[in-house]
Amino acid sequence: MKTRLAKLVLAIGRECAQREFAWMKRSQHAGDLNLLDMLDRRIAGEPLQYILGTLPFGPLDLLTRSPTLIPRPETEDWAIRLARTLAPSMTSPVRVLDLCTGSGCIPLLLCHLWPPASTHAVGVDISPDAVRLAADNTSRSSTHGRQNIFTPLQGDIHDPDLLHRLDPPPPFDVITANPPYIPLHVYHSLPSSVKDYEDPRALIGDPPNASHTDGLSFYRTIAALLARKGVLAPHATIALEVGHDQAHAVVQILRHTPGLPLGPMEIWKDPWDKDRVVFARAA
Ligand SMILES: C[S@@+](CC[C@H](N)C(=O)[O-])C[C@H]1O[C@@H](n2cnc3c(N)ncnc32)[C@H](O)[C@@H]1O
């Protein structure tokens with residue numbers, strides 16, 4: 001155990017190693033053998049959240065499994081802010097569409113924080129692993145007990161027929177997305193603790209056949225989807241997570257998409273004072 005702890009200190013520094021070791025010991029399966037295994041995995045570079053298998057996300061305790069993206073604290077921050085900004089109720093319920101849903105963290109948080117019977121959400125993801133994880137997270141969270149519904153759906157946001165498969169169907173009152181937004185050249189320089197464990201499709205902002213390389217391809221697709229007739233309910237709210245230097249470009253994409261009538265847009269900062277969300281309302 002001592003040698004492994006020393007190796008962990010070398011890998012991530014004394015303070016982090018002490019903190020993470022304490023979490024590992026507290027984790028529910030932490031017998032001695034398991035602890036050794038956890039230390040070996042962490043020394044090899046695996047993210048702690050995959051080793052522990054769960055992650056707090058606001059009041060939720062979400063399952064985490066490679067290769068589905070580990071929900072980030074900046075996403076948790078704006079999802080809580082969004083929940084506080086809107087006030088659906090049983091008599092004024094909302095339909096939510098979460099694009100690129102991953103673990104389902106965003107709609108599950110909204111379903112949890114909003115009043116019972118106020119929220120009917122669907123989350124779309126191309127990855128079967130992500131959809132399975134989102135379904136497992138739905139089963140273990142109390143959304144149904146609260147009479148709010150979240151259904152994860154496997155689908156491609158580029159598919160022109162996607163809208164016909166959604167339940168609830170359009171129009172949507174709230175559209176959220178944390179799409180892949182990292183340009184390919186930046187992806188190459190990410191640490192192996194990210195690249196070796198998280199799905200590249202969850203990170204790289206331009207799919208292989210995309211006509212741009214700026215990391216913004218998903219926002220163009222999302223804007224075109226939202227501009228389709230009948231997708232947005234009157235005064236619908238849109239919240240899109242963006243890379244720290246992408247907010248103004250995403251505002252321009254939304255602004256210049258034909259058929260997408262939006263009011264003034266806001267840029268929300270994350271807790272580290274970086275631009276993180278483009279927030280808009282349908283005019
Ligand atoms: C940055 S992750 C966000 C996951 C989750 N919403 C979160 O905030 O943690 C982006 C997600 O988009 C999904 N994705 C990638 N390409 C997609 C596509 N064409 N259609 C739908 N989902 C896609 C990935 O599988 C991944 O789960």
# chains A, B, ... in the order shown; residues from 1 in each chain; ligands from 1

$ residues_near_ligand --ligand "ligand 1" --cutoff "7 Å" --atoms "only C-alpha atoms and all ligand atoms" --output "VMD selection string"
chain A and resid 68 to 72 75 99 to 106 124 to 127 130 155 to 158 177 to 180 201 to 203

$ atom_distance --atom1 "atom CA of A:Leu36" --atom2 "atom CA of A:Asp199"
26.3 Å

$ residues_around --residues "stretch 81-87 of chain A" --least-positions-apart "3" --cutoff "8 Å" --atoms "only C-alpha atoms" --output "short mmCIF file (atom, residue, chain, number, x, y, z; two decimals) with N, CA, C and O atoms, in the first residue's frame"
data_model
loop_
_atom_site.label_atom_id
_atom_site.label_comp_id
_atom_site.auth_asym_id
_atom_site.auth_seq_id
_atom_site.Cartn_x
_atom_site.Cartn_y
_atom_site.Cartn_z
N ASP A 77 -22.88 23.84 -12.47
CA ASP A 77 -23.14 25.22 -12.05
C ASP A 77 -24.25 25.86 -12.89
O ASP A 77 -25.20 26.42 -12.37
N TRP A 78 -24.14 25.75 -14.23
CA TRP A 78 -25.15 26.45 -15.04
C TRP A 78 -26.49 25.71 -15.06
O TRP A 78 -27.55 26.35 -15.16
N LEU A 110 -32.70 18.99 -13.73
CA LEU A 110 -33.91 19.82 -13.85
C LEU A 110 -35.13 19.06 -13.32
O LEU A 110 -35.93 19.61 -12.57
N LEU A 113 -34.94 19.19 -9.54
CA LEU A 113 -35.09 20.47 -8.84
C LEU A 113 -36.44 21.13 -9.08
O LEU A 113 -36.87 21.98 -8.30
N TRP A 114 -37.08 20.78 -10.19
CA TRP A 114 -38.36 21.41 -10.49
C TRP A 114 -39.50 20.65 -9.81
O TRP A 114 -39.36 19.46 -9.51
N ALA A 239 -30.39 27.07 -23.67
CA ALA A 239 -29.13 27.22 -22.92
C ALA A 239 -28.11 26.26 -23.52
O ALA A 239 -28.30 25.04 -23.48
#

$ residues_around --residues "A:Trp268" --least-positions-apart "5" --cutoff "10 Å" --atoms "only C-alpha atoms" --output "count of residues only"
14

$ atom_distance --atom1 "atom CA of A:Thr91" --atom2 "atom CA of A:Ser118"
7.5 Å

$ atom_distance --atom1 "atom CA of A:Ala79" --atom2 "atom CA of A:Pro107"
8.6 Å

$ closest_atom_pairs --of "stretch 126-200 of chain A" --to "stretch 206-212 of chain A" --cutoff "8 Å" --atoms "only C-alpha atoms" --output "JSON lines"
{"residue": "A:Pro180", "atom": "CA", "partner": "A:Asp206", "partner_atom": "CA", "distance": 7.9}
{"residue": "A:Tyr181", "atom": "CA", "partner": "A:Asp206", "partner_atom": "CA", "distance": 7.5}
{"residue": "A:Ile182", "atom": "CA", "partner": "A:Asp206", "partner_atom": "CA", "distance": 7.9}
{"residue": "A:Pro183", "atom": "CA", "partner": "A:Asp206", "partner_atom": "CA", "distance": 6.8}
{"residue": "A:Leu184", "atom": "CA", "partner": "A:Asp206", "partner_atom": "CA", "distance": 7.3}

$ closest_residue --among "A:Pro264, A:Gly215, A:Gly123, A:Gly259" --to "A:Leu162" --atoms "only C-alpha atoms"
A:Gly123
